[in-house]
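S.K.: Okay, so here is run_35.cif, and as you'll see once you scroll down, it has mmCIF, N, CA and C atoms.
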data_run
loop_
_atom_site.label_atom_id
_atom_site.label_comp_id
_atom_site.auth_asym_id
_atom_site.auth_seq_id
_atom_site.Cartn_x
_atom_site.Cartn_y
_atom_site.Cartn_z
N MET W 1 104.78 111.33 90.09
CA MET W 1 105.94 111.59 90.94
C MET W 1 105.79 112.97 91.56
N SER W 2 106.06 113.08 92.86
CA SER W 2 105.89 114.35 93.55
C SER W 2 107.01 115.32 93.16
N ASN W 3 106.76 116.57 93.40
CA ASN W 3 107.72 117.62 93.06
C ASN W 3 108.93 117.52 93.99
N ILE W 4 110.10 117.31 93.43
CA ILE W 4 111.33 117.11 94.20
C ILE W 4 111.72 118.38 94.95
N LYS W 5 111.25 119.53 94.48
CA LYS W 5 111.62 120.80 95.12
C LYS W 5 111.02 120.94 96.52
N HIS W 6 110.02 120.12 96.85
CA HIS W 6 109.41 120.17 98.18
C HIS W 6 110.11 119.24 99.18
N ASP W 7 111.05 118.44 98.70
CA ASP W 7 111.81 117.56 99.58
C ASP W 7 112.65 118.40 100.54
N PRO W 8 112.65 118.08 101.85
CA PRO W 8 113.36 118.91 102.83
C PRO W 8 114.86 119.06 102.56
N SER W 9 115.53 117.98 102.13
CA SER W 9 116.97 118.08 101.89
C SER W 9 117.25 118.95 100.66
N ILE W 10 116.44 118.82 99.62
CA ILE W 10 116.60 119.66 98.43
C ILE W 10 116.24 121.10 98.75
N ARG W 11 115.17 121.30 99.53
CA ARG W 11 114.75 122.65 99.92
C ARG W 11 115.88 123.33 100.69
N ASN W 12 116.52 122.61 101.61
CA ASN W 12 117.62 123.14 102.40
C ASN W 12 118.80 123.53 101.50
N LEU W 13 119.09 122.68 100.51
CA LEU W 13 120.17 122.96 99.57
C LEU W 13 119.86 124.19 98.72
N LEU W 14 118.64 124.25 98.20
CA LEU W 14 118.27 125.36 97.32
C LEU W 14 118.19 126.69 98.07
N ASN W 15 117.82 126.64 99.33
CA ASN W 15 117.71 127.89 100.10
C ASN W 15 119.05 128.58 100.29
N ARG W 16 120.14 127.86 100.09
CA ARG W 16 121.47 128.45 100.24
C ARG W 16 122.01 128.99 98.92
N MET W 17 121.16 129.03 97.90
CA MET W 17 121.58 129.50 96.58
C MET W 17 120.77 130.74 96.19
N PRO W 18 121.34 131.53 95.27
CA PRO W 18 120.56 132.65 94.74
C PRO W 18 119.32 132.15 93.99
N GLU W 19 118.29 132.95 93.93
CA GLU W 19 117.01 132.57 93.32
C GLU W 19 117.16 132.12 91.88
N GLU W 20 117.98 132.83 91.09
CA GLU W 20 118.12 132.48 89.67
C GLU W 20 118.81 131.12 89.50
N VAL W 21 119.72 130.77 90.42
CA VAL W 21 120.37 129.46 90.36
C VAL W 21 119.38 128.38 90.76
N GLN W 22 118.56 128.67 91.76
CA GLN W 22 117.54 127.69 92.20
C GLN W 22 116.62 127.31 91.04
N GLN W 23 116.21 128.31 90.26
CA GLN W 23 115.27 128.07 89.18
C GLN W 23 115.91 127.37 87.98
N SER W 24 117.23 127.33 87.93
CA SER W 24 117.90 126.76 86.76
C SER W 24 117.96 125.22 86.79
N PHE W 25 117.69 124.61 87.94
CA PHE W 25 117.77 123.14 88.04
C PHE W 25 116.51 122.50 87.48
N THR W 26 116.71 121.39 86.76
CA THR W 26 115.57 120.59 86.30
C THR W 26 115.22 119.57 87.39
N GLU W 27 114.08 118.93 87.23
CA GLU W 27 113.67 117.88 88.18
C GLU W 27 114.69 116.74 88.19
N GLU W 28 115.18 116.38 87.02
CA GLU W 28 116.15 115.29 86.92
C GLU W 28 117.45 115.65 87.64
N GLN W 29 117.92 116.89 87.45
CA GLN W 29 119.14 117.31 88.12
C GLN W 29 118.96 117.30 89.63
N LEU W 30 117.79 117.77 90.09
CA LEU W 30 117.53 117.80 91.53
C LEU W 30 117.46 116.39 92.12
N SER W 31 116.89 115.45 91.36
CA SER W 31 116.82 114.08 91.87
C SER W 31 118.21 113.48 91.98
N HIS W 32 119.11 113.80 91.04
CA HIS W 32 120.49 113.31 91.12
C HIS W 32 121.24 113.99 92.27
N LEU W 33 120.95 115.26 92.50
CA LEU W 33 121.56 115.94 93.65
C LEU W 33 121.10 115.30 94.96
N LYS W 34 119.83 114.95 95.03
CA LYS W 34 119.31 114.31 96.24
C LYS W 34 120.02 112.99 96.50
N ILE W 35 120.26 112.21 95.45
CA ILE W 35 120.98 110.94 95.61
C ILE W 35 122.40 111.21 96.08
N ALA W 36 123.04 112.22 95.49
CA ALA W 36 124.43 112.52 95.84
C ALA W 36 124.57 113.02 97.27
N ILE W 37 123.67 113.89 97.71
CA ILE W 37 123.79 114.40 99.09
C ILE W 37 123.15 113.46 100.09
N GLY W 38 122.28 112.57 99.61
CA GLY W 38 121.62 111.63 100.51
C GLY W 38 122.57 110.65 101.13
N ALA W 39 123.65 110.35 100.44
CA ALA W 39 124.64 109.40 100.97
C ALA W 39 125.36 109.98 102.18
N ARG W 40 125.35 111.31 102.32
CA ARG W 40 126.05 111.95 103.43
C ARG W 40 125.12 112.24 104.61
N GLN W 41 123.81 112.17 104.41
CA GLN W 41 122.88 112.51 105.48
C GLN W 41 122.53 111.27 106.29
N TRP W 42 122.67 111.40 107.60
CA TRP W 42 122.35 110.28 108.49
C TRP W 42 120.98 110.42 109.09
N GLY W 43 120.50 111.64 109.29
CA GLY W 43 119.22 111.82 109.94
C GLY W 43 119.36 111.57 111.43
N THR W 44 118.24 111.36 112.08
CA THR W 44 118.26 111.09 113.52
C THR W 44 118.02 109.61 113.75
N HIS W 45 118.70 109.07 114.73
CA HIS W 45 118.59 107.65 115.07
C HIS W 45 118.36 107.50 116.56
N ALA W 46 117.69 106.41 116.93
CA ALA W 46 117.47 106.12 118.34
C ALA W 46 118.80 105.87 119.04
N VAL W 47 119.72 105.20 118.36
CA VAL W 47 121.06 104.96 118.88
C VAL W 47 122.05 105.56 117.89
N ASP W 48 122.85 106.49 118.35
CA ASP W 48 123.86 107.14 117.51
C ASP W 48 125.14 107.25 118.33
N CYS W 49 126.01 106.26 118.19
CA CYS W 49 127.25 106.21 118.97
C CYS W 49 128.43 106.26 118.01
N ARG W 50 129.24 107.31 118.15
CA ARG W 50 130.40 107.48 117.28
C ARG W 50 131.62 107.72 118.15
N GLY W 51 132.75 107.25 117.72
CA GLY W 51 133.95 107.47 118.51
C GLY W 51 135.21 107.12 117.74
N VAL W 52 136.32 107.34 118.40
CA VAL W 52 137.63 107.07 117.82
C VAL W 52 138.42 106.23 118.82
N VAL W 53 139.08 105.20 118.32
CA VAL W 53 139.91 104.34 119.14
C VAL W 53 141.34 104.45 118.60
N ARG W 54 142.28 104.69 119.50
CA ARG W 54 143.68 104.79 119.09
C ARG W 54 144.38 103.48 119.43
N LEU W 55 144.95 102.85 118.42
CA LEU W 55 145.73 101.63 118.60
C LEU W 55 147.11 101.87 118.00
N PHE W 56 148.09 101.88 118.87
CA PHE W 56 149.46 102.16 118.49
C PHE W 56 149.53 103.51 117.78
N LYS W 57 150.03 103.57 116.56
CA LYS W 57 150.16 104.87 115.91
C LYS W 57 148.95 105.21 115.03
N TYR W 58 147.96 104.31 114.94
CA TYR W 58 146.80 104.52 114.09
C TYR W 58 145.57 104.85 114.92
N ARG W 59 144.67 105.59 114.31
CA ARG W 59 143.37 105.88 114.94
C ARG W 59 142.29 105.28 114.05
N TYR W 60 141.33 104.62 114.67
CA TYR W 60 140.22 104.01 113.95
C TYR W 60 138.92 104.62 114.47
N TYR W 61 138.02 104.92 113.57
CA TYR W 61 136.73 105.44 114.00
C TYR W 61 135.69 104.33 113.93
N PHE W 62 134.64 104.47 114.73
CA PHE W 62 133.53 103.53 114.68
C PHE W 62 132.23 104.32 114.74
N VAL W 63 131.21 103.75 114.14
CA VAL W 63 129.87 104.36 114.12
C VAL W 63 128.88 103.23 114.35
N LEU W 64 128.02 103.40 115.35
CA LEU W 64 126.95 102.45 115.60
C LEU W 64 125.64 103.22 115.52
N LEU W 65 124.84 102.90 114.51
CA LEU W 65 123.55 103.55 114.31
C LEU W 65 122.45 102.50 114.36
N ALA W 66 121.37 102.84 115.01
CA ALA W 66 120.20 101.95 115.03
C ALA W 66 118.96 102.79 115.15
N GLY W 67 117.92 102.35 114.50
CA GLY W 67 116.66 103.06 114.55
C GLY W 67 115.66 102.38 113.63
N ARG W 68 114.50 102.98 113.54
CA ARG W 68 113.43 102.43 112.72
C ARG W 68 113.79 102.61 111.24
N ASN W 69 113.59 101.57 110.47
CA ASN W 69 113.87 101.62 109.03
C ASN W 69 112.70 102.29 108.33
N ARG W 70 112.94 103.42 107.71
CA ARG W 70 111.88 104.16 107.03
C ARG W 70 111.92 103.96 105.51
N ARG W 71 112.88 103.17 105.03
CA ARG W 71 113.00 102.93 103.60
C ARG W 71 111.97 101.90 103.14
N GLN W 72 111.68 101.93 101.86
CA GLN W 72 110.89 100.87 101.26
C GLN W 72 111.78 99.65 101.10
N LEU W 73 111.31 98.49 101.52
CA LEU W 73 112.13 97.29 101.42
C LEU W 73 112.01 96.66 100.04
N SER W 74 113.12 96.13 99.55
CA SER W 74 113.10 95.38 98.29
C SER W 74 112.49 94.01 98.56
N ALA W 75 112.23 93.28 97.49
CA ALA W 75 111.64 91.94 97.64
C ALA W 75 112.57 91.02 98.43
N THR W 76 113.87 91.12 98.20
CA THR W 76 114.85 90.30 98.93
C THR W 76 114.87 90.67 100.41
N GLU W 77 114.82 91.97 100.71
CA GLU W 77 114.81 92.41 102.10
C GLU W 77 113.52 91.99 102.81
N LYS W 78 112.40 92.04 102.10
CA LYS W 78 111.12 91.59 102.68
C LYS W 78 111.18 90.10 103.01
N LYS W 79 111.77 89.32 102.10
CA LYS W 79 111.90 87.88 102.33
C LYS W 79 112.80 87.60 103.53
N ALA W 80 113.95 88.31 103.60
CA ALA W 80 114.87 88.13 104.72
C ALA W 80 114.21 88.54 106.03
N SER W 81 113.41 89.60 106.00
CA SER W 81 112.71 90.05 107.19
C SER W 81 111.69 89.01 107.65
N ALA W 82 110.96 88.43 106.71
CA ALA W 82 109.98 87.40 107.05
C ALA W 82 110.66 86.18 107.66
N ILE W 83 111.80 85.79 107.10
CA ILE W 83 112.55 84.64 107.63
C ILE W 83 113.06 84.95 109.04
N ALA W 84 113.57 86.16 109.24
CA ALA W 84 114.07 86.55 110.56
C ALA W 84 112.93 86.57 111.58
N GLN W 85 111.78 87.10 111.19
CA GLN W 85 110.64 87.13 112.11
C GLN W 85 110.18 85.72 112.44
N ALA W 86 110.11 84.85 111.45
CA ALA W 86 109.70 83.46 111.70
C ALA W 86 110.69 82.76 112.63
N THR W 87 111.98 83.04 112.44
CA THR W 87 113.00 82.44 113.30
C THR W 87 112.85 82.91 114.74
N VAL W 88 112.65 84.21 114.93
CA VAL W 88 112.48 84.76 116.28
C VAL W 88 111.24 84.19 116.95
N VAL W 89 110.14 84.11 116.22
CA VAL W 89 108.90 83.57 116.78
C VAL W 89 109.09 82.09 117.15
N THR W 90 109.72 81.32 116.28
CA THR W 90 109.96 79.90 116.55
C THR W 90 110.85 79.70 117.76
N LEU W 91 111.96 80.46 117.82
CA LEU W 91 112.85 80.36 118.99
C LEU W 91 112.13 80.78 120.27
N GLY W 92 111.34 81.83 120.17
CA GLY W 92 110.56 82.27 121.33
C GLY W 92 109.60 81.19 121.80
N PHE W 93 108.94 80.54 120.85
CA PHE W 93 108.01 79.46 121.18
C PHE W 93 108.74 78.33 121.91
N PHE W 94 109.90 77.93 121.40
CA PHE W 94 110.64 76.84 122.03
C PHE W 94 111.19 77.24 123.39
N ILE W 95 111.56 78.48 123.57
CA ILE W 95 112.04 78.95 124.88
C ILE W 95 110.90 78.92 125.89
N VAL W 96 109.72 79.37 125.48
CA VAL W 96 108.55 79.32 126.38
C VAL W 96 108.21 77.87 126.70
N LEU W 97 108.26 77.01 125.70
CA LEU W 97 107.97 75.59 125.91
C LEU W 97 108.98 74.96 126.88
N LEU W 98 110.26 75.32 126.73
CA LEU W 98 111.29 74.83 127.64
C LEU W 98 111.05 75.33 129.06
N PHE W 99 110.68 76.61 129.20
CA PHE W 99 110.40 77.18 130.51
C PHE W 99 109.22 76.45 131.18
N ILE W 100 108.17 76.18 130.41
CA ILE W 100 107.01 75.47 130.97
C ILE W 100 107.42 74.05 131.39
N TYR W 101 108.24 73.39 130.58
CA TYR W 101 108.71 72.05 130.92
C TYR W 101 109.54 72.06 132.20
N LEU W 102 110.44 73.05 132.32
CA LEU W 102 111.26 73.14 133.53
C LEU W 102 110.40 73.46 134.75
N LEU W 103 109.41 74.31 134.58
CA LEU W 103 108.51 74.64 135.69
C LEU W 103 107.73 73.40 136.12
N LYS W 104 107.23 72.64 135.15
CA LYS W 104 106.51 71.40 135.43
C LYS W 104 107.40 70.43 136.19
N SER W 105 108.64 70.31 135.73
CA SER W 105 109.57 69.39 136.39
C SER W 105 109.92 69.86 137.79
N ALA W 106 110.09 71.16 137.98
CA ALA W 106 110.42 71.70 139.29
C ALA W 106 109.29 71.47 140.28
N LEU W 107 108.06 71.50 139.78
CA LEU W 107 106.90 71.26 140.65
C LEU W 107 106.66 69.77 140.90
N GLY W 108 107.44 68.91 140.23
CA GLY W 108 107.34 67.47 140.44
C GLY W 108 106.19 66.83 139.69
N ILE W 109 105.72 67.46 138.65
CA ILE W 109 104.60 66.91 137.87
C ILE W 109 105.18 66.01 136.78
N ASN W 110 104.78 64.76 136.77
CA ASN W 110 105.20 63.81 135.75
C ASN W 110 104.01 63.45 134.89
N LEU W 111 104.10 63.75 133.60
CA LEU W 111 103.00 63.41 132.69
C LEU W 111 103.04 61.94 132.32
N PHE W 112 104.25 61.41 132.16
CA PHE W 112 104.41 59.99 131.84
C PHE W 112 105.34 59.39 132.89
N GLU W 113 104.84 58.47 133.65
CA GLU W 113 105.61 57.85 134.72
C GLU W 113 106.78 57.07 134.14
N GLY W 114 107.98 57.30 134.70
CA GLY W 114 109.17 56.57 134.28
C GLY W 114 109.81 57.10 133.00
N PHE W 115 109.35 58.24 132.48
CA PHE W 115 109.93 58.80 131.26
C PHE W 115 110.40 60.23 131.52
N SER W 116 111.60 60.54 131.06
CA SER W 116 112.14 61.89 131.23
C SER W 116 113.02 62.23 130.04
N LEU W 117 112.99 63.50 129.66
CA LEU W 117 113.87 63.95 128.59
C LEU W 117 115.29 64.20 129.09
N GLY W 118 115.45 64.30 130.40
CA GLY W 118 116.76 64.51 130.99
C GLY W 118 117.15 65.97 131.10
N ILE W 119 116.29 66.87 130.64
CA ILE W 119 116.61 68.29 130.69
C ILE W 119 116.62 68.79 132.12
N TRP W 120 115.62 68.37 132.91
CA TRP W 120 115.54 68.83 134.29
C TRP W 120 116.74 68.32 135.10
N THR W 121 117.13 67.09 134.86
CA THR W 121 118.30 66.54 135.56
C THR W 121 119.56 67.34 135.21
N TYR W 122 119.70 67.70 133.96
CA TYR W 122 120.86 68.48 133.52
C TYR W 122 120.85 69.87 134.16
N VAL W 123 119.70 70.53 134.18
CA VAL W 123 119.60 71.87 134.75
C VAL W 123 119.88 71.81 136.25
N LYS W 124 119.35 70.81 136.93
CA LYS W 124 119.61 70.66 138.37
C LYS W 124 121.10 70.46 138.63
N SER W 125 121.76 69.69 137.76
CA SER W 125 123.20 69.45 137.97
C SER W 125 124.02 70.73 137.76
N LEU W 126 123.52 71.65 136.97
CA LEU W 126 124.24 72.91 136.78
C LEU W 126 124.15 73.83 137.99
N PHE W 127 123.00 73.82 138.67
CA PHE W 127 122.77 74.78 139.73
C PHE W 127 122.81 74.19 141.14
N LEU W 128 122.73 72.91 141.26
CA LEU W 128 122.71 72.31 142.61
C LEU W 128 123.92 71.47 142.85
#
Do you think you could lay out the structure here as structure tokens?
M.R.:
Amino acid sequence: MSNIKHDPSIRNLLNRMPEEVQQSFTEEQLSHLKIAIGARQWGTHAVDCRGVVRLFKYRYYFVLLAGRNRRQLSATEKKASAIAQATVVTLGFFIVLLFIYLLKSALGINLFEGFSLGIWTYVKSLFL
């Protein structure tokens, strides 16, 4: 395990204390301090939108944060990520396939004479 005293958040905390107090902390105490102050640190995000909305006599705050996930993922999070990626790839594949089918139909190309899925007819009825 690396020395917790080199962690930037712990270093920042310790720099605001007298030297003798800095030296009095054990590694275990510093790791617990990091957990305690880590809950309050947001860091920098690609999207950081915060605001307050007033509704009647109450005020509500909102926070929208988005950015690259730098944490280590748990096994459950890795599984959920794999499922989400597979879903996005599958949906993307079907959207591309639908686009190719619509393009084929718009160009008047019939692969099987007298057979249609009816998608092109439906799309034409929406726009024409």
S.K.: List the neighbours of W:Val63 out to 6 Å using only N, CA and C atoms; skip same-chain residues closer than 3 positions along the sequence, and give me the result as a VMD selection string.
M.R.: chain W and resid 49 to 51
S.K.: By how many Å are atom CA of W:Phe115 and atom CA of W:Phe99 apart?
M.R.: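 The value is 18.4 Å.
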S.K.: Give me, as a CSV table (one decimal) with N, CA and C atoms, in the frame of the given file, the residues of chain W that a backbone DSSP run labels helix (DSSP H, G or I).
M.R.:
chain,number,residue,atom,x,y,z
W,4,ILE,N,110.1,117.3,93.4
W,4,ILE,CA,111.3,117.1,94.2
W,4,ILE,C,111.7,118.4,95.0
W,5,LYS,N,111.2,119.5,94.5
W,5,LYS,CA,111.6,120.8,95.1
W,5,LYS,C,111.0,120.9,96.5
W,6,HIS,N,110.0,120.1,96.8
W,6,HIS,CA,109.4,120.2,98.2
W,6,HIS,C,110.1,119.2,99.2
W,8,PRO,N,112.6,118.1,101.8
W,8,PRO,CA,113.4,118.9,102.8
W,8,PRO,C,114.9,119.1,102.6
W,9,SER,N,115.5,118.0,102.1
W,9,SER,CA,117.0,118.1,101.9
W,9,SER,C,117.2,119.0,100.7
W,10,ILE,N,116.4,118.8,99.6
W,10,ILE,CA,116.6,119.7,98.4
W,10,ILE,C,116.2,121.1,98.8
W,11,ARG,N,115.2,121.3,99.5
W,11,ARG,CA,114.8,122.6,99.9
W,11,ARG,C,115.9,123.3,100.7
W,12,ASN,N,116.5,122.6,101.6
W,12,ASN,CA,117.6,123.1,102.4
W,12,ASN,C,118.8,123.5,101.5
W,13,LEU,N,119.1,122.7,100.5
W,13,LEU,CA,120.2,123.0,99.6
W,13,LEU,C,119.9,124.2,98.7
W,14,LEU,N,118.6,124.2,98.2
W,14,LEU,CA,118.3,125.4,97.3
W,14,LEU,C,118.2,126.7,98.1
W,15,ASN,N,117.8,126.6,99.3
W,15,ASN,CA,117.7,127.9,100.1
W,15,ASN,C,119.0,128.6,100.3
W,19,GLU,N,118.3,133.0,93.9
W,19,GLU,CA,117.0,132.6,93.3
W,19,GLU,C,117.2,132.1,91.9
W,20,GLU,N,118.0,132.8,91.1
W,20,GLU,CA,118.1,132.5,89.7
W,20,GLU,C,118.8,131.1,89.5
W,21,VAL,N,119.7,130.8,90.4
W,21,VAL,CA,120.4,129.5,90.4
W,21,VAL,C,119.4,128.4,90.8
W,22,GLN,N,118.6,128.7,91.8
W,22,GLN,CA,117.5,127.7,92.2
W,22,GLN,C,116.6,127.3,91.0
W,23,GLN,N,116.2,128.3,90.3
W,23,GLN,CA,115.3,128.1,89.2
W,23,GLN,C,115.9,127.4,88.0
W,24,SER,N,117.2,127.3,87.9
W,24,SER,CA,117.9,126.8,86.8
W,24,SER,C,118.0,125.2,86.8
W,27,GLU,N,114.1,118.9,87.2
W,27,GLU,CA,113.7,117.9,88.2
W,27,GLU,C,114.7,116.7,88.2
W,28,GLU,N,115.2,116.4,87.0
W,28,GLU,CA,116.2,115.3,86.9
W,28,GLU,C,117.4,115.6,87.6
W,29,GLN,N,117.9,116.9,87.4
W,29,GLN,CA,119.1,117.3,88.1
W,29,GLN,C,119.0,117.3,89.6
W,30,LEU,N,117.8,117.8,90.1
W,30,LEU,CA,117.5,117.8,91.5
W,30,LEU,C,117.5,116.4,92.1
W,31,SER,N,116.9,115.4,91.4
W,31,SER,CA,116.8,114.1,91.9
W,31,SER,C,118.2,113.5,92.0
W,32,HIS,N,119.1,113.8,91.0
W,32,HIS,CA,120.5,113.3,91.1
W,32,HIS,C,121.2,114.0,92.3
W,33,LEU,N,121.0,115.3,92.5
W,33,LEU,CA,121.6,115.9,93.6
W,33,LEU,C,121.1,115.3,95.0
W,34,LYS,N,119.8,115.0,95.0
W,34,LYS,CA,119.3,114.3,96.2
W,34,LYS,C,120.0,113.0,96.5
W,35,ILE,N,120.3,112.2,95.4
W,35,ILE,CA,121.0,110.9,95.6
W,35,ILE,C,122.4,111.2,96.1
W,36,ALA,N,123.0,112.2,95.5
W,36,ALA,CA,124.4,112.5,95.8
W,36,ALA,C,124.6,113.0,97.3
W,37,ILE,N,123.7,113.9,97.7
W,37,ILE,CA,123.8,114.4,99.1
W,37,ILE,C,123.2,113.5,100.1
W,38,GLY,N,122.3,112.6,99.6
W,38,GLY,CA,121.6,111.6,100.5
W,38,GLY,C,122.6,110.6,101.1
W,75,ALA,N,112.2,93.3,97.5
W,75,ALA,CA,111.6,91.9,97.6
W,75,ALA,C,112.6,91.0,98.4
W,76,THR,N,113.9,91.1,98.2
W,76,THR,CA,114.8,90.3,98.9
W,76,THR,C,114.9,90.7,100.4
W,77,GLU,N,114.8,92.0,100.7
W,77,GLU,CA,114.8,92.4,102.1
W,77,GLU,C,113.5,92.0,102.8
W,78,LYS,N,112.4,92.0,102.1
W,78,LYS,CA,111.1,91.6,102.7
W,78,LYS,C,111.2,90.1,103.0
W,79,LYS,N,111.8,89.3,102.1
W,79,LYS,CA,111.9,87.9,102.3
W,79,LYS,C,112.8,87.6,103.5
W,80,ALA,N,114.0,88.3,103.6
W,80,ALA,CA,114.9,88.1,104.7
W,80,ALA,C,114.2,88.5,106.0
W,81,SER,N,113.4,89.6,106.0
W,81,SER,CA,112.7,90.0,107.2
W,81,SER,C,111.7,89.0,107.6
W,82,ALA,N,111.0,88.4,106.7
W,82,ALA,CA,110.0,87.4,107.0
W,82,ALA,C,110.7,86.2,107.7
W,83,ILE,N,111.8,85.8,107.1
W,83,ILE,CA,112.6,84.6,107.6
W,83,ILE,C,113.1,85.0,109.0
W,84,ALA,N,113.6,86.2,109.2
W,84,ALA,CA,114.1,86.6,110.6
W,84,ALA,C,112.9,86.6,111.6
W,85,GLN,N,111.8,87.1,111.2
W,85,GLN,CA,110.6,87.1,112.1
W,85,GLN,C,110.2,85.7,112.4
W,86,ALA,N,110.1,84.8,111.4
W,86,ALA,CA,109.7,83.5,111.7
W,86,ALA,C,110.7,82.8,112.6
W,87,THR,N,112.0,83.0,112.4
W,87,THR,CA,113.0,82.4,113.3
W,87,THR,C,112.8,82.9,114.7
W,88,VAL,N,112.6,84.2,114.9
W,88,VAL,CA,112.5,84.8,116.3
W,88,VAL,C,111.2,84.2,117.0
W,89,VAL,N,110.1,84.1,116.2
W,89,VAL,CA,108.9,83.6,116.8
W,89,VAL,C,109.1,82.1,117.2
W,90,THR,N,109.7,81.3,116.3
W,90,THR,CA,110.0,79.9,116.6
W,90,THR,C,110.8,79.7,117.8
W,91,LEU,N,112.0,80.5,117.8
W,91,LEU,CA,112.8,80.4,119.0
W,91,LEU,C,112.1,80.8,120.3
W,92,GLY,N,111.3,81.8,120.2
W,92,GLY,CA,110.6,82.3,121.3
W,92,GLY,C,109.6,81.2,121.8
W,93,PHE,N,108.9,80.5,120.8
W,93,PHE,CA,108.0,79.5,121.2
W,93,PHE,C,108.7,78.3,121.9
W,94,PHE,N,109.9,77.9,121.4
W,94,PHE,CA,110.6,76.8,122.0
W,94,PHE,C,111.2,77.2,123.4
W,95,ILE,N,111.6,78.5,123.6
W,95,ILE,CA,112.0,79.0,124.9
W,95,ILE,C,110.9,78.9,125.9
W,96,VAL,N,109.7,79.4,125.5
W,96,VAL,CA,108.6,79.3,126.4
W,96,VAL,C,108.2,77.9,126.7
W,97,LEU,N,108.3,77.0,125.7
W,97,LEU,CA,108.0,75.6,125.9
W,97,LEU,C,109.0,75.0,126.9
W,98,LEU,N,110.3,75.3,126.7
W,98,LEU,CA,111.3,74.8,127.6
W,98,LEU,C,111.0,75.3,129.1
W,99,PHE,N,110.7,76.6,129.2
W,99,PHE,CA,110.4,77.2,130.5
W,99,PHE,C,109.2,76.4,131.2
W,100,ILE,N,108.2,76.2,130.4
W,100,ILE,CA,107.0,75.5,131.0
W,100,ILE,C,107.4,74.0,131.4
W,101,TYR,N,108.2,73.4,130.6
W,101,TYR,CA,108.7,72.0,130.9
W,101,TYR,C,109.5,72.1,132.2
W,102,LEU,N,110.4,73.0,132.3
W,102,LEU,CA,111.3,73.1,133.5
W,102,LEU,C,110.4,73.5,134.8
W,103,LEU,N,109.4,74.3,134.6
W,103,LEU,CA,108.5,74.6,135.7
W,103,LEU,C,107.7,73.4,136.1
W,104,LYS,N,107.2,72.6,135.2
W,104,LYS,CA,106.5,71.4,135.4
W,104,LYS,C,107.4,70.4,136.2
W,105,SER,N,108.6,70.3,135.7
W,105,SER,CA,109.6,69.4,136.4
W,105,SER,C,109.9,69.9,137.8
W,106,ALA,N,110.1,71.2,138.0
W,106,ALA,CA,110.4,71.7,139.3
W,106,ALA,C,109.3,71.5,140.3
W,119,ILE,N,116.3,66.9,130.6
W,119,ILE,CA,116.6,68.3,130.7
W,119,ILE,C,116.6,68.8,132.1
W,120,TRP,N,115.6,68.4,132.9
W,120,TRP,CA,115.5,68.8,134.3
W,120,TRP,C,116.7,68.3,135.1
W,121,THR,N,117.1,67.1,134.9
W,121,THR,CA,118.3,66.5,135.6
W,121,THR,C,119.6,67.3,135.2
W,122,TYR,N,119.7,67.7,134.0
W,122,TYR,CA,120.9,68.5,133.5
W,122,TYR,C,120.8,69.9,134.2
W,123,VAL,N,119.7,70.5,134.2
W,123,VAL,CA,119.6,71.9,134.8
W,123,VAL,C,119.9,71.8,136.2
W,124,LYS,N,119.4,70.8,136.9
W,124,LYS,CA,119.6,70.7,138.4
W,124,LYS,C,121.1,70.5,138.6
W,125,SER,N,121.8,69.7,137.8
W,125,SER,CA,123.2,69.4,138.0
W,125,SER,C,124.0,70.7,137.8
W,126,LEU,N,123.5,71.6,137.0
W,126,LEU,CA,124.2,72.9,136.8
W,126,LEU,C,124.2,73.8,138.0
W,127,PHE,N,123.0,73.8,138.7
W,127,PHE,CA,122.8,74.8,139.7
W,127,PHE,C,122.8,74.2,141.1
S.K.: Suppose you want the space between atom CA of W:Asn110 and atom N of W:Val89; what is it in Å?
M.R.: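 Result for atom CA of W:Asn110 versus atom N of W:Val89: 28.6 Å, one decimal.
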S.K.: Which residue out of W:Val53, W:Leu14, W:Ile4, W:Ala86 has the minimum interatomic distance to W:His32 when only C-alpha atoms are used?
M.R.: W:Ile4
S.K.: Expressed in Å to a single decimal, how great is the separation between atom CA of W:Asp7 and atom CA of W:Ile37?
M.R.: 12.4 Å
S.K.: Compute the distance from (114.0, 120.9, 93.9) to each atom, counting all atoms listed in the file, keep the residues with any atom at most 8 Å away, and return them as a list in words; use the coordinates of the file.
M.R.: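 These residues have at least one counted atom within 8 Å: Asn3, Ile4, Lys5, His6, Asp7, Ser9, Ile10, Arg11, Leu14, Gln22, Phe25, Thr26, Glu27, Gln29, Leu30 and Ser31 of chain W.
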S.K.: How would you write, as a list in words, the residues chosen by the PyMOL selection byres ((chain W and resi 64-75) around 5) on this structure?
M.R.: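 Taken on the displayed file, the PyMOL selection byres ((chain W and resi 64-75) around 5) yields the residues His45, Ala46, Val47, Asp48, Cys49, Arg50, Phe62, Val63, Thr76, Glu77, Lys78 and Lys79 of chain W.
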S.K.: Filtering to N, CA and C atoms, could stretch 48-53 of chain W of the supplied structure be written out as a CSV table (one decimal), in the first residue's frame?
M.R.:
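In the end it all went to out.csv:
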chain,number,residue,atom,x,y,z
W,48,ASP,N,-20.3,20.5,-15.1
W,48,ASP,CA,-20.6,20.9,-13.7
W,48,ASP,C,-21.6,22.0,-13.7
W,49,CYS,N,-22.9,21.6,-13.5
W,49,CYS,CA,-24.0,22.6,-13.6
W,49,CYS,C,-24.7,22.5,-12.2
W,50,ARG,N,-24.7,23.7,-11.5
W,50,ARG,CA,-25.3,23.7,-10.2
W,50,ARG,C,-26.2,25.0,-10.2
W,51,GLY,N,-27.3,24.9,-9.5
W,51,GLY,CA,-28.2,26.0,-9.4
W,51,GLY,C,-29.3,25.8,-8.4
W,52,VAL,N,-30.1,26.8,-8.3
W,52,VAL,CA,-31.2,26.9,-7.3
W,52,VAL,C,-32.5,27.3,-8.0
W,53,VAL,N,-33.5,26.5,-7.7
W,53,VAL,CA,-34.8,26.8,-8.3
W,53,VAL,C,-35.8,27.2,-7.1
